[in-house]
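Student: This is the structure I want to talk about, given as structure tokens.
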Number of protein chains: 2
Amino acid sequence: MTATVGFGDRLDAAILRTNSVVCVGLDPRPAQLPATLRPADLTDLDAVAAAYETFCIGILDAVTNLVPVVKPQAAFFEELGPAGMTVLARVIKAATARNLMVILDGKRNDIGTTATAYAAAYLGAQSAWGCDALTVSPYLGRDSIEPFANRCRETASGIFVLVKTSNPGGGYLQDQSTAAGKIYQRVAELVTELNQPLLGSSGYGPIGAVVGATYPDQLRELRAAMPTSPILIPGFGAQGGAANDVAGGFDARGRGAIVNSSRHIIFAFERPEFESLRDSSGDRHWQAAAAAATIQMNQQLNEVRRRQTT
Amino acid sequence: MTATVGFGDRLDAAILRTNSVVCVGLDPRPAQLPATLRPADLTDLDAVAAAYETFCIGILDAVTNLVPVVKPQAAFFEELGPAGMTVLARVIKAATARNLMVILDGKRNDIGTTATAYAAAYLGAQSAWGCDALTVSPYLGRDSIEPFANRCRETASGIFVLVKTSNPGGGYLQDQSTAAGKIYQRVAELVTELNQPLLGSSGYGPIGAVVGATYPDQLRELRAAMPTSPILIPGFGAQGGAANDVAGGFDARGRGAIVNSSRHIIFAFERPEFESLRDSSGDRHWQAAAAAATIQMNQQLNEVRRRQTT
């Protein structure tokens with residue numbers, strides 16, 4: 001069975017509907033929770049998980065209709081054991097109920113039937129976790145990505161394959177030159193090839209790529225090399241990437257990429273510039289600050305996109 | 001704080017104690033469960049999770065004292081959603097209670113504080129999941145592995161970094177030649193380098209490597225290139241690797257590597273050669289077959305190890 005509207009088209013439609021290319025990263029950390037939510041005992045995993053649920057769903061409420069997509073970071077939920085996983089499932093469900101697409105950042109992969117199991121676990125409304133997309137690691141090669149591509153086709157879901165990551169050490173393997181180009185270029189080729197049979201009317205298919213905001217030149221290069229792949233751009237804000245750095249990620253219509261920010265949005269209540277919101281919102285200052293930070297990031301990126309298209 | 005006996009020494013001691021280099025892979029699949037355990041409705045995730053618990057703990061009982069280590073495959077538990085994760089945690093705990101070391105096969109990784117969160121989630125008795133070791137993907141480079149190495153040092157736990165995987169497509173990136181050698185060789189260098197400050201009295205440190213049984217020549221090469229790293233060898237049995245193929249993975253003492261088998265042990269009840277066990281064990285034929293398959297694999301590998309050391 002082939003779903004009628006694929007992930008590439010669904011993401012593009014969500015960008016148009018919200019007029020936003022911001023992806024809000026849900027990276028909760030116990031010590032950084034708003035004081036009103038922080039459990040007294042940070043080693044009580046059940047209490048921390050409950051606080052994560054309140055916090056993440058509060059963030060979802062603050063950004064609903066402002067952004068097309070959110071990206072929970074699996075590691076921070078896994079850190080709490082099964083209690084964290086239960087909350088992760090609830091957060092994903094709550095996002096979907098608010099018409100927010102969900103990319104789970106799990107950087108999963110394995111071989112053969114195990115890759116099929118990861119795809120079946122996470123991708124599509126029928127799956128146990130019910131995500132729209134998952135981040136996937138490419139080290140295991142082509143036959144490890146194919147089971148995800150098949151699942152994407154069957155369930156109108158997507159993946160974002162790590163191509164060029166935002167960390168300083170990412171180049172250790174990714175930037176190595178081979179007879180077939182640099183390693184990240186070889187991954188980009190694979191992404192484009194697997195995507196080709198799955199393109200939607202927007203011009204985009206479900207096999208996306210992760211390219212860090214911290215490498216603007218490679219971002220521009222990879223946008224051209226993978227013209228049919230949605231690009232997920234991490235590293236904006238706290239990791240040092242600025243609005244101009246991500247310009248190269250967008251297509252001529254100012255679309256085709258989403259820019260993730262985690263800490264700058266979800267912990268915006270710690271930013272002095274949003275201090276003035278405190279009076280009006282009282283306890284829920286953190287929600288108002290998250291909304292304000294999202295609106296600010298939308299404005300910055302929409303200005304970049306506007307310049308891109310004129 | 002530095003733990004007194006590191007993972008390399010702990011694994012070596014477990015190999016000596018059990019006189020076994022077999023790692024039993026816990027890869028449960030709904031349709032392959034013994035008929036007496038298989039739920040009527042395979043889409044009922046809670047029922048399947050409960051069956052996985054009975055099955056996996058039954059397998060643990062069958063192989064306790066026969067092998068040093070078991071390796072649950074995270075994907076198959078994740079496929080069941082939060083119910084699967086709850087059972088995964090119980091299976092890990094049950095293995096530890098039976099004096100079986102646990103390598104969680106999750107192929108996790110990420111950058112910076114997120115890698116730290118994965119390490120804190122899984123590694124060491126104090127962590128939420130309480131594993132002895134975790135498999136880790138290297139695509140993100142050196143700074144993504146360091147947080148795991150730090151955690152290994154602090155909690156006497158280990159990691160197995162993917163170096164040369166057993167699947168046919170693994171070479172797409174791993175076998176690419178660069179000025180610094182092939183990609184898998186570059187990963188092997190990193191593994192050895194991170195391991196160096198952490199060696200125990202056995203000569204082994206906590207930073208191990210995954211090298212597939214399906215590439216015997218590279219296994220021999222990598223054993224020499226990473227003399228201080230325990231090697232986890234998948235691909236034996238169902239994936240085609242035979243006892244002689246793994247010979248190159250052992251050191252001159254016949255140790256330093258563990259060989260994983262999943263389907264050939266846990267689903268041994270389907271193998272005609274163990275049919276004769278059915279009469280005596282009735283319902284629990286699958287446990288007797290798993291024990292018999294483990295003993296057979298121990299004999300095969302111990303013969304290879306004996307030849308290696310003489």
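So you can find residues: chains in the structure tokens are A, B, ... in the order shown, residues in each start at 1, and ligands are numbered from 1 in order.
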Within 6 Å of chain B, which residues of chain A show up when using only C-alpha atoms, listed as an mmCIF file with all heavy atoms, in the first residue's frame?
Tutor:
data_model
loop_
_atom_site.group_PDB
_atom_site.id
_atom_site.type_symbol
_atom_site.label_atom_id
_atom_site.label_comp_id
_atom_site.auth_asym_id
_atom_site.auth_seq_id
_atom_site.Cartn_x
_atom_site.Cartn_y
_atom_site.Cartn_z
ATOM 1 N N ALA A 75 17.149 10.453 24.079
ATOM 2 C CA ALA A 75 18.129 10.166 25.134
ATOM 3 C C ALA A 75 17.682 10.667 26.504
ATOM 4 O O ALA A 75 17.898 9.999 27.520
ATOM 5 C CB ALA A 75 19.483 10.785 24.785
ATOM 6 N N GLU A 79 17.018 8.259 29.650
ATOM 7 C CA GLU A 79 17.826 8.416 30.867
ATOM 8 C C GLU A 79 17.023 8.116 32.127
ATOM 9 O O GLU A 79 17.587 7.789 33.170
ATOM 10 C CB GLU A 79 18.381 9.849 30.906
ATOM 11 C CG GLU A 79 19.517 10.038 31.876
ATOM 12 C CD GLU A 79 20.140 11.429 31.773
ATOM 13 O OE1 GLU A 79 19.689 12.248 30.943
ATOM 14 O OE2 GLU A 79 21.068 11.699 32.551
ATOM 15 N N LEU A 80 15.686 8.240 32.036
ATOM 16 C CA LEU A 80 14.840 8.005 33.205
ATOM 17 C C LEU A 80 14.322 6.574 33.274
ATOM 18 O O LEU A 80 13.503 6.248 34.139
ATOM 19 C CB LEU A 80 13.651 8.980 33.197
ATOM 20 C CG LEU A 80 14.010 10.463 33.105
ATOM 21 C CD1 LEU A 80 12.735 11.307 33.144
ATOM 22 C CD2 LEU A 80 14.967 10.889 34.223
ATOM 23 N N GLY A 81 14.765 5.712 32.363
ATOM 24 C CA GLY A 81 14.286 4.335 32.387
ATOM 25 C C GLY A 81 12.869 4.233 31.852
ATOM 26 O O GLY A 81 12.388 5.131 31.162
ATOM 27 N N PRO A 82 12.184 3.117 32.157
ATOM 28 C CA PRO A 82 10.836 2.911 31.616
ATOM 29 C C PRO A 82 9.879 4.065 31.926
ATOM 30 O O PRO A 82 9.017 4.387 31.106
ATOM 31 C CB PRO A 82 10.379 1.613 32.298
ATOM 32 C CG PRO A 82 11.647 0.886 32.585
ATOM 33 C CD PRO A 82 12.670 1.940 32.901
ATOM 34 N N MET A 85 10.182 6.510 29.254
ATOM 35 C CA MET A 85 9.637 6.069 27.969
ATOM 36 C C MET A 85 8.115 6.212 27.947
ATOM 37 O O MET A 85 7.532 6.541 26.914
ATOM 38 C CB MET A 85 10.034 4.614 27.697
ATOM 39 C CG MET A 85 11.534 4.359 27.676
ATOM 40 S SD MET A 85 12.487 5.535 26.678
ATOM 41 C CE MET A 85 12.269 4.882 25.031
ATOM 42 N N THR A 86 7.492 5.950 29.081
ATOM 43 C CA THR A 86 6.039 6.117 29.167
ATOM 44 C C THR A 86 5.674 7.578 28.915
ATOM 45 O O THR A 86 4.722 7.882 28.180
ATOM 46 C CB THR A 86 5.549 5.659 30.555
ATOM 47 O OG1 THR A 86 5.886 4.283 30.704
ATOM 48 C CG2 THR A 86 4.055 5.844 30.721
ATOM 49 N N ALA A 117 12.488 -3.568 12.467
ATOM 50 C CA ALA A 117 11.817 -3.444 13.771
ATOM 51 C C ALA A 117 11.855 -1.994 14.268
ATOM 52 O O ALA A 117 10.850 -1.490 14.795
ATOM 53 C CB ALA A 117 12.473 -4.369 14.795
ATOM 54 N N TYR A 118 12.990 -1.304 14.114
ATOM 55 C CA TYR A 118 13.033 0.108 14.515
ATOM 56 C C TYR A 118 12.048 0.931 13.699
ATOM 57 O O TYR A 118 11.347 1.797 14.234
ATOM 58 C CB TYR A 118 14.449 0.684 14.332
ATOM 59 C CG TYR A 118 15.392 0.428 15.487
ATOM 60 C CD1 TYR A 118 16.651 -0.117 15.279
ATOM 61 C CD2 TYR A 118 15.034 0.766 16.794
ATOM 62 C CE1 TYR A 118 17.533 -0.336 16.334
ATOM 63 C CE2 TYR A 118 15.906 0.544 17.853
ATOM 64 C CZ TYR A 118 17.158 -0.016 17.622
ATOM 65 O OH TYR A 118 18.015 -0.230 18.670
ATOM 66 N N ALA A 121 8.651 0.260 14.881
ATOM 67 C CA ALA A 121 8.444 0.782 16.239
ATOM 68 C C ALA A 121 8.009 2.240 16.212
ATOM 69 O O ALA A 121 7.103 2.640 16.954
ATOM 70 C CB ALA A 121 9.743 0.659 17.047
ATOM 71 N N ALA A 128 3.824 1.715 17.448
ATOM 72 C CA ALA A 128 3.655 1.816 18.902
ATOM 73 C C ALA A 128 3.908 3.242 19.394
ATOM 74 O O ALA A 128 3.245 3.711 20.319
ATOM 75 C CB ALA A 128 4.592 0.840 19.600
ATOM 76 N N TRP A 129 4.885 3.934 18.798
ATOM 77 C CA TRP A 129 5.221 5.280 19.254
ATOM 78 C C TRP A 129 4.526 6.354 18.430
ATOM 79 O O TRP A 129 4.360 7.478 18.910
ATOM 80 C CB TRP A 129 6.745 5.489 19.230
ATOM 81 C CG TRP A 129 7.468 4.533 20.132
ATOM 82 C CD1 TRP A 129 7.966 3.308 19.786
ATOM 83 C CD2 TRP A 129 7.733 4.685 21.540
ATOM 84 N NE1 TRP A 129 8.539 2.702 20.886
ATOM 85 C CE2 TRP A 129 8.414 3.523 21.973
ATOM 86 C CE3 TRP A 129 7.471 5.703 22.474
ATOM 87 C CZ2 TRP A 129 8.828 3.331 23.287
ATOM 88 C CZ3 TRP A 129 7.890 5.516 23.796
ATOM 89 C CH2 TRP A 129 8.555 4.347 24.187
ATOM 90 N N TYR A 139 25.971 4.604 9.402
ATOM 91 C CA TYR A 139 27.243 3.873 9.384
ATOM 92 C C TYR A 139 27.112 2.456 8.825
ATOM 93 O O TYR A 139 28.055 1.908 8.269
ATOM 94 C CB TYR A 139 27.858 3.843 10.794
ATOM 95 C CG TYR A 139 29.268 3.303 10.826
ATOM 96 C CD1 TYR A 139 30.322 4.031 10.294
ATOM 97 C CD2 TYR A 139 29.546 2.050 11.360
ATOM 98 C CE1 TYR A 139 31.626 3.540 10.304
ATOM 99 C CE2 TYR A 139 30.843 1.539 11.379
ATOM 100 C CZ TYR A 139 31.874 2.300 10.848
ATOM 101 O OH TYR A 139 33.161 1.802 10.858
ATOM 102 N N LEU A 140 25.927 1.848 8.970
ATOM 103 C CA LEU A 140 25.747 0.454 8.561
ATOM 104 C C LEU A 140 25.454 0.299 7.074
ATOM 105 O O LEU A 140 25.327 -0.831 6.580
ATOM 106 C CB LEU A 140 24.635 -0.187 9.392
ATOM 107 C CG LEU A 140 24.974 -0.310 10.888
ATOM 108 C CD1 LEU A 140 23.723 -0.241 11.732
ATOM 109 C CD2 LEU A 140 25.694 -1.613 11.165
ATOM 110 N N GLY A 141 25.313 1.414 6.352
ATOM 111 C CA GLY A 141 25.206 1.327 4.898
ATOM 112 C C GLY A 141 23.795 1.231 4.354
ATOM 113 O O GLY A 141 22.806 1.293 5.082
ATOM 114 N N ARG A 142 23.763 1.057 3.045
ATOM 115 C CA ARG A 142 22.532 1.120 2.283
ATOM 116 C C ARG A 142 21.448 0.158 2.765
ATOM 117 O O ARG A 142 20.288 0.538 2.927
ATOM 118 C CB ARG A 142 22.878 0.802 0.825
ATOM 119 C CG ARG A 142 21.708 0.956 -0.079
ATOM 120 C CD ARG A 142 21.928 0.240 -1.407
ATOM 121 N NE ARG A 142 20.748 0.466 -2.197
ATOM 122 C CZ ARG A 142 20.644 1.418 -3.113
ATOM 123 N NH1 ARG A 142 21.656 2.158 -3.420
ATOM 124 N NH2 ARG A 142 19.497 1.619 -3.730
ATOM 125 N N ASP A 143 21.829 -1.108 2.989
ATOM 126 C CA ASP A 143 20.805 -2.094 3.355
ATOM 127 C C ASP A 143 20.244 -1.862 4.764
ATOM 128 O O ASP A 143 19.256 -2.498 5.143
ATOM 129 C CB ASP A 143 21.304 -3.539 3.167
ATOM 130 C CG ASP A 143 22.633 -3.808 3.859
ATOM 131 O OD1 ASP A 143 23.234 -2.860 4.391
ATOM 132 O OD2 ASP A 143 23.078 -4.968 3.869
ATOM 133 N N GLY A 169 33.721 17.376 16.336
ATOM 134 C CA GLY A 169 34.407 16.136 15.970
ATOM 135 C C GLY A 169 33.747 15.351 14.856
ATOM 136 O O GLY A 169 34.221 14.282 14.476
ATOM 137 N N GLY A 170 32.630 15.873 14.325
ATOM 138 C CA GLY A 170 31.883 15.131 13.307
ATOM 139 C C GLY A 170 32.717 14.796 12.084
ATOM 140 O O GLY A 170 32.493 13.783 11.420
ATOM 141 N N TYR A 172 35.624 13.666 11.837
ATOM 142 C CA TYR A 172 36.583 12.549 11.977
ATOM 143 C C TYR A 172 36.325 11.458 10.941
ATOM 144 O O TYR A 172 37.250 10.952 10.321
ATOM 145 C CB TYR A 172 36.521 11.979 13.396
ATOM 146 C CG TYR A 172 37.539 10.900 13.665
ATOM 147 C CD1 TYR A 172 38.850 11.210 13.991
ATOM 148 C CD2 TYR A 172 37.197 9.548 13.565
ATOM 149 C CE1 TYR A 172 39.794 10.218 14.224
ATOM 150 C CE2 TYR A 172 38.124 8.546 13.800
ATOM 151 C CZ TYR A 172 39.421 8.886 14.125
ATOM 152 O OH TYR A 172 40.353 7.891 14.351
ATOM 153 N N SER A 177 38.108 12.138 2.780
ATOM 154 C CA SER A 177 38.018 12.057 1.319
ATOM 155 C C SER A 177 38.271 10.634 0.849
ATOM 156 O O SER A 177 39.211 9.976 1.310
ATOM 157 C CB SER A 177 39.061 12.976 0.677
ATOM 158 O OG SER A 177 38.714 14.316 0.919
ATOM 159 N N THR A 178 37.422 10.176 -0.059
ATOM 160 C CA THR A 178 37.592 8.855 -0.671
ATOM 161 C C THR A 178 37.512 9.041 -2.187
ATOM 162 O O THR A 178 37.213 10.137 -2.664
ATOM 163 C CB THR A 178 36.466 7.890 -0.236
ATOM 164 O OG1 THR A 178 35.271 8.223 -0.969
ATOM 165 C CG2 THR A 178 36.174 8.008 1.250
#
Student: What residues in segment 27-191 of chain A get the DSSP label alpha helix (DSSP H)? Please answer as a ChimeraX atom specification.
Tutor: /A:45-63,74-78,82-97,112-122,142-155,171-174,183-191
Student: Which is closer to Arg271 of chain A than all the others in A:Ala292, A:Ile231, A:Ile258, A:Ala252, using only C-alpha atoms?
Tutor: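 Under the stated criterion, the closest residue is A:Ala292.
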Student: Of the candidates A:Thr214, A:Ser157, A:Gln126, A:Asn150, which shows the shortest atom-to-atom distance to Leu194 of chain A, using only C-alpha atoms?
Tutor: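 Smallest separation from Leu194 of chain A among the options: A:Asn150.
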Student: Suppose you want the space between atom CA of Gly208 of chain A and atom CA of His264 of chain A; what is it in Å?
Tutor: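 Taking atom CA of Gly208 of chain A and atom CA of His264 of chain A, their separation equals 23.9 Å.
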Student: To one decimal place in Å, what is the distance between atom CA of Gly237 of chain A and atom CA of Met297 of chain A?
Tutor: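 Computing the Euclidean distance for atom CA of Gly237 of chain A and atom CA of Met297 of chain A yields 9.5 Å.
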Student: Can you work out the spacing between atom CA of Gln287 of chain B and atom CA of Ala247 of chain B in Å, to one decimal?
Tutor: 28.2 Å
Student: Any idea what's packed within 12 Å of Leu42 of chain A, counting only C-alpha atoms, ignoring anything in its chain fewer than 3 positions away? Could you give it as a VMD selection string?
Tutor: chain A and resid 29 to 33 37 to 39 45 to 52 80
Student: Just list the residues in segment 89-218 of chain B DSSP gives strand (DSSP E) on the backbone, as a ChimeraX atom specification.
Tutor: /B:101-108,133-136,158-164,177-178,181-182,207-211
Student: For N, CA and C atoms, I'd like the residues from the last selection saved as a tab-separated table (two decimals), in the first residue's frame.
Tutor:
chain	number	residue	atom	x	y	z
B	101	MET	N	26.33	-11.06	32.58
B	101	MET	CA	26.58	-9.67	32.18
B	101	MET	C	25.61	-9.31	31.04
B	102	VAL	N	25.31	-8.02	30.94
B	102	VAL	CA	24.33	-7.58	29.94
B	102	VAL	C	24.94	-6.51	29.03
B	103	ILE	N	24.98	-6.82	27.72
B	103	ILE	CA	25.31	-5.82	26.72
B	103	ILE	C	23.99	-5.44	26.04
B	104	LEU	N	23.58	-4.21	26.19
B	104	LEU	CA	22.37	-3.81	25.46
B	104	LEU	C	22.79	-3.42	24.05
B	105	ASP	N	22.13	-4.06	23.07
B	105	ASP	CA	22.43	-3.73	21.68
B	105	ASP	C	21.46	-2.64	21.23
B	106	GLY	N	21.90	-1.39	21.39
B	106	GLY	CA	21.05	-0.25	21.06
B	106	GLY	C	21.66	0.63	19.98
B	107	LYS	N	22.95	0.41	19.69
B	107	LYS	CA	23.65	1.19	18.66
B	107	LYS	C	23.34	2.68	18.82
B	108	ARG	N	23.40	3.17	20.06
B	108	ARG	CA	23.09	4.55	20.36
B	108	ARG	C	24.27	5.45	20.05
B	133	ALA	N	27.16	-3.01	29.48
B	133	ALA	CA	27.74	-2.41	28.28
B	133	ALA	C	26.63	-2.08	27.28
B	134	LEU	N	27.02	-1.28	26.30
B	134	LEU	CA	26.08	-0.79	25.28
B	134	LEU	C	26.82	-0.77	23.94
B	135	THR	N	26.13	-1.10	22.86
B	135	THR	CA	26.74	-0.91	21.54
B	135	THR	C	26.53	0.54	21.09
B	136	VAL	N	27.55	1.09	20.43
B	136	VAL	CA	27.59	2.53	20.12
B	136	VAL	C	28.02	2.71	18.66
B	158	GLY	N	31.20	-0.87	29.96
B	158	GLY	CA	31.91	-0.90	28.69
B	158	GLY	C	31.03	-0.47	27.53
B	159	ILE	N	31.67	-0.25	26.39
B	159	ILE	CA	30.91	-0.05	25.14
B	159	ILE	C	31.56	-0.90	24.05
B	160	PHE	N	30.76	-1.23	23.05
B	160	PHE	CA	31.26	-1.89	21.85
B	160	PHE	C	30.92	-0.97	20.68
B	161	VAL	N	31.96	-0.40	20.10
B	161	VAL	CA	31.77	0.55	19.01
B	161	VAL	C	31.68	-0.23	17.69
B	162	LEU	N	30.72	0.12	16.85
B	162	LEU	CA	30.60	-0.52	15.53
B	162	LEU	C	31.83	-0.21	14.71
B	163	VAL	N	32.58	-1.21	14.33
B	163	VAL	CA	33.77	-1.01	13.50
B	163	VAL	C	33.51	-1.59	12.11
B	164	LYS	N	33.28	-2.92	12.06
B	164	LYS	CA	33.05	-3.58	10.76
B	164	LYS	C	31.84	-4.50	10.97
B	177	SER	N	38.30	3.70	1.23
B	177	SER	CA	39.71	4.03	1.49
B	177	SER	C	39.90	5.54	1.56
B	178	THR	N	40.63	5.97	2.57
B	178	THR	CA	40.96	7.38	2.73
B	178	THR	C	42.48	7.48	2.92
B	181	GLY	N	43.68	5.52	5.79
B	181	GLY	CA	43.25	4.12	5.82
B	181	GLY	C	41.76	4.00	5.55
B	182	LYS	N	41.28	2.76	5.62
B	182	LYS	CA	39.84	2.57	5.41
B	182	LYS	C	39.07	3.16	6.60
B	207	ILE	N	36.64	-0.25	26.17
B	207	ILE	CA	36.16	0.21	24.87
B	207	ILE	C	36.36	-0.92	23.87
B	208	GLY	N	35.30	-1.66	23.61
B	208	GLY	CA	35.33	-2.79	22.70
B	208	GLY	C	34.89	-2.40	21.31
B	209	ALA	N	34.84	-3.42	20.46
B	209	ALA	CA	34.49	-3.19	19.06
B	209	ALA	C	33.55	-4.28	18.57
B	210	VAL	N	32.68	-3.92	17.64
B	210	VAL	CA	31.83	-4.90	16.95
B	210	VAL	C	32.47	-5.20	15.59
B	211	VAL	N	32.76	-6.47	15.37
B	211	VAL	CA	33.33	-6.90	14.08
B	211	VAL	C	32.60	-8.17	13.67
Student: Between A:Asn99, A:Gln300, A:Thr64, A:Thr155, single out the one closest to Gly6 of chain A, counting only C-alpha atoms.
Tutor: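 The answer is A:Thr155, which sits nearest to Gly6 of chain A.
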Student: Give me, as a PyMOL selection string, all polymer residues having an atom no more than 12 Å from Pro230 of chain B, counting only C-alpha atoms and skipping those fewer than 5 positions away in the same chain.
Tutor: chain B and resi 7-12+15+21+133+158-161+188+191-192+195+199-200+202-211+222-225+249-251+254-259
